Amino acid sequence: MSDAITTRVTPGARGAAPLLTYRDEQFTDAVAQATQPMWEQLHGLISDVDWLLKAPLIHRIQRLKKEKRALILAHNYQLPEIAYGVADRVGDSLQLAQYAAALNKDDAPVVVMCGVHFMAETVKVLAPERTVLIPDAAAGCSLAESITGADVRLLKQHYPGAPVVSYVNTSAEVKAESDYCCTSSNAARVVEAAAREFGSPRVIFLPDRYLAANVARQTSVEIIAWHGACMVHERFTPEQIRALRAQFPGVRVLAHPECPPEVCAEADFVGSTSGMIRDVQTSGAAKVVMVTECAMADNVAAENPEVDFVRPCVLCPHMQRITLAKIAAALETLSPQVEVDEKVVHAARRAVERMLAVSAAPASARS
Ligand code: SF4
């Protein structure tokens, strides 16, 4: 695309709307009763004192959701009080994109994305008629910020004929310049589908250099990688994994493919967030270490109380920008809203829908 394309966000909640403080709300009997089911799941992940402060906000957000007919989507890396306290759906990037794509016109007119900015943009791309809110517009992503649409145009000039596969952790502008989108759970399949469709022996894969290296090990398609990295997953080292194994004999190690390949080589299982959850539920391991963002390990631990979790903790600072107070403020003020240029919506949607079609295809149609 040659036209300049942009996305924008309305003024941030911090500037536009007064943030609620926990002192605004009281822990009344009505709050205690309404939030009891959430407390049963969060018990052990939140202290009693913390709960007295957070339960009134959860209650308030639940009331606001009804009033505004809003849906709350939350990424797996969100804090447990968001995932279990207020979210209607919790999932990885692919699951949240599939959910947004399946919304019909009678579903909630307002969607709150508890995650980072590119995730809110993806919802807007797939459901452009909705008001899409992100509780903190500054919630970015080191991967998404590593590349621009202009960079993709230069890559395409450099490698003519090679299709572009963009990880979902990219801006809508970058998706709009891409032929296919992908997530960590379907990256290898999408790369092969793109190479087949374009009749090309090589694919431009961006922006995560580690995911690119991990995908390259699963396919004969030549991968041309960009140099982005996730600031959380790139911090893990093989030495840390070996030290954990020595300290916890028999522990099952699960790693996210955004980790460096040397870390993945030390793991028993490498997969997306949803793949790791499935592995915890089906492997029968009594002790597990999840080499990924640690709020996710907290959420998986809450659902699998019989499994013992070792949690090397690296938090994503962007994901942690989303708080209950900011969610309440976003619903009160219906801001900040994520807006995506119409031309971008159209082009980015094509790349995301191609990915969803590959994901939905039966195995025999993929090979
Ligand atoms: S964990 Fe990494 S990839 Fe995910 S939002 Fe944070 S910086 Fe981006």
# chains A, B, ... in the order shown; residues from 1 in each chain; ligands from 1
$ residues_around --residues "stretch 199-204 of chain A" --least-positions-apart "6" --cutoff "9 Å" --atoms "only C-alpha atoms" --output "short mmCIF file (atom, residue, chain, number, x, y, z; two decimals) with C-alpha atoms, in the first residue's frame"
data_model
loop_
_atom_site.label_atom_id
_atom_site.label_comp_id
_atom_site.auth_asym_id
_atom_site.auth_seq_id
_atom_site.Cartn_x
_atom_site.Cartn_y
_atom_site.Cartn_z
CA LEU A 155 11.33 -5.76 3.17
CA LYS A 156 8.88 -6.48 0.34
CA TYR A 159 12.52 -9.83 -1.27
CA GLY A 161 7.60 -12.46 -4.45
CA ALA A 162 8.08 -13.61 -0.85
CA PRO A 163 4.81 -13.48 1.13
CA VAL A 164 4.78 -11.61 4.46
CA VAL A 165 3.59 -13.47 7.57
CA SER A 166 3.16 -11.18 10.58
CA VAL A 191 4.16 -20.14 6.96
CA GLU A 192 3.66 -23.32 4.94
CA SER A 220 11.64 -26.55 5.13
CA VAL A 221 10.44 -23.09 4.00
CA GLU A 222 13.25 -20.52 4.17
CA ILE A 223 12.47 -17.91 6.83
CA ILE A 224 13.54 -14.29 6.42
CA ALA A 225 13.32 -12.89 9.96
CA TRP A 226 13.04 -9.41 11.47
#
$ residues_near_ligand --ligand "ligand 1" --cutoff "6 Å" --atoms "only C-alpha atoms and all ligand atoms" --output "PDB file with N, CA and C atoms, in the first residue's frame"
ATOM      1  N   VAL A 116      -2.854  -5.652  25.608  1.00  0.00           N
ATOM      2  CA  VAL A 116      -2.048  -4.540  25.101  1.00  0.00           C
ATOM      3  C   VAL A 116      -2.673  -3.977  23.821  1.00  0.00           C
ATOM      4  N   CYS A 141       3.856  -2.998  23.458  1.00  0.00           N
ATOM      5  CA  CYS A 141       4.462  -4.331  23.344  1.00  0.00           C
ATOM      6  C   CYS A 141       5.803  -4.150  22.641  1.00  0.00           C
ATOM      7  N   SER A 142       6.878  -4.701  23.205  1.00  0.00           N
ATOM      8  CA  SER A 142       8.205  -4.515  22.596  1.00  0.00           C
ATOM      9  C   SER A 142       8.262  -5.109  21.196  1.00  0.00           C
ATOM     10  N   LEU A 143       7.496  -6.177  20.961  1.00  0.00           N
ATOM     11  CA  LEU A 143       7.484  -6.776  19.623  1.00  0.00           C
ATOM     12  C   LEU A 143       6.757  -5.869  18.638  1.00  0.00           C
ATOM     13  N   CYS A 230      10.502 -10.246  22.315  1.00  0.00           N
ATOM     14  CA  CYS A 230       9.643  -9.960  23.465  1.00  0.00           C
ATOM     15  C   CYS A 230      10.532  -9.709  24.675  1.00  0.00           C
ATOM     16  N   MET A 231      10.344  -8.562  25.315  1.00  0.00           N
ATOM     17  CA  MET A 231      11.209  -8.190  26.439  1.00  0.00           C
ATOM     18  C   MET A 231      11.028  -9.102  27.649  1.00  0.00           C
ATOM     19  N   VAL A 232       9.955  -9.881  27.680  1.00  0.00           N
ATOM     20  CA  VAL A 232       9.753 -10.835  28.782  1.00  0.00           C
ATOM     21  C   VAL A 232      10.450 -12.152  28.461  1.00  0.00           C
ATOM     22  N   CYS A 316       5.129  -8.916  32.414  1.00  0.00           N
ATOM     23  CA  CYS A 316       5.141  -7.967  31.290  1.00  0.00           C
ATOM     24  C   CYS A 316       4.675  -6.609  31.824  1.00  0.00           C
ATOM     25  N   HIS A 318       3.837  -4.035  30.287  1.00  0.00           N
ATOM     26  CA  HIS A 318       2.720  -3.469  29.501  1.00  0.00           C
ATOM     27  C   HIS A 318       1.392  -4.078  29.944  1.00  0.00           C
TER      28      HIS A 318
END
$ residues_around --residues "A:Glu342" --least-positions-apart "3" --cutoff "9 Å" --atoms "only C-alpha atoms" --output "list of chain:residue names"
A:Val125, A:Pro128, A:Val345, A:His346, A:Ala347
$ write_last_selection --atoms "C-alpha atoms" --output "tab-separated table (two decimals), in the first residue's frame"
chain	number	residue	atom	x	y	z
A	125	VAL	CA	-10.24	-4.71	12.84
A	128	PRO	CA	-15.14	-2.32	13.44
A	345	VAL	CA	-9.15	-2.23	8.78
A	346	HIS	CA	-9.86	-3.66	5.35
A	347	ALA	CA	-6.28	-4.76	4.58
$ select_by_dssp --residues "stretch 99-333 of chain A" --states "alpha helix (DSSP H)" --output "PyMOL selection string"
chain A and resi 99-102+117-126+149-158+172-176+187-198+209-216+238-247+261-265+273-282+294-303+324-333
$ residues_around --residues "stretch 255-264 of chain A" --least-positions-apart "2" --cutoff "7 Å" --atoms "only C-alpha atoms" --output "PyMOL selection string"
chain A and resi 184+210-211+213-214+230+233-234+236-238+253+266-267+269-272+290-292
$ atom_distance --atom1 "atom CA of A:Phe248" --atom2 "atom CA of A:Leu42"
26.0 Å
$ residues_around --residues "A:Cys294" --least-positions-apart "4" --cutoff "10 Å" --atoms "only C-alpha atoms" --output "PyMOL selection string"
chain A and resi 76-79+232+290+298-300+311-316
$ write_last_selection --atoms "C-alpha atoms" --output "PDB file, in the first residue's frame"
ATOM      1  CA  ASN A  76      -4.014 -14.868  29.743  1.00  0.00           C
ATOM      2  CA  TYR A  77      -1.272 -12.566  31.047  1.00  0.00           C
ATOM      3  CA  GLN A  78      -3.738 -10.350  32.900  1.00  0.00           C
ATOM      4  CA  LEU A  79      -3.761 -10.364  36.684  1.00  0.00           C
ATOM      5  CA  VAL A 232       9.753 -10.835  28.782  1.00  0.00           C
ATOM      6  CA  MET A 290       6.039 -22.372  32.987  1.00  0.00           C
ATOM      7  CA  ASP A 298      -0.916 -17.715  38.410  1.00  0.00           C
ATOM      8  CA  ASN A 299      -4.071 -18.045  36.293  1.00  0.00           C
ATOM      9  CA  VAL A 300      -3.260 -21.599  35.185  1.00  0.00           C
ATOM     10  CA  ARG A 311       7.035 -19.817  39.038  1.00  0.00           C
ATOM     11  CA  PRO A 312      10.138 -18.008  37.829  1.00  0.00           C
ATOM     12  CA  CYS A 313       8.539 -14.577  37.739  1.00  0.00           C
ATOM     13  CA  VAL A 314       8.978 -12.169  34.831  1.00  0.00           C
ATOM     14  CA  LEU A 315       5.992  -9.851  34.477  1.00  0.00           C
ATOM     15  CA  CYS A 316       5.141  -7.967  31.290  1.00  0.00           C
TER      16      CYS A 316
END
$ select_by_dssp --residues "stretch 59-152 of chain A" --states "strand (DSSP E)" --output "PyMOL selection string"
chain A and resi 70-75+89-91+110-114+131-133
$ closest_residue --among "A:Met119, A:Ala328, A:Ala127, A:Val90" --to "A:Asp106" --atoms "only C-alpha atoms"
A:Ala127
$ atom_distance --atom1 "atom CA of A:Ala285" --atom2 "atom CA of A:Ala301"
13.0 Å
$ closest_residue --among "A:Pro37, A:Pro207, A:Pro109, A:Gly284" --to "A:Ala55" --atoms "only C-alpha atoms"
A:Pro37
$ residues_around --residues "A:Leu64" --least-positions-apart "2" --cutoff "12 Å" --atoms "only C-alpha atoms" --output "list in words"
Leu57, Ile58, His59, Arg60, Ile61, Gln62, Lys66, Glu67, Lys68, Arg69, Ala70, Leu71, Ile72, Val86, Val110, Val112, Ile327, Ala328, Ala329, Ala330, Leu331, Glu332, Thr333 and Leu334 of chain A
$ closest_residue --among "A:Thr170, A:Gln95, A:Thr35, A:Thr219" --to "A:Ala195" --atoms "only C-alpha atoms"
A:Thr219
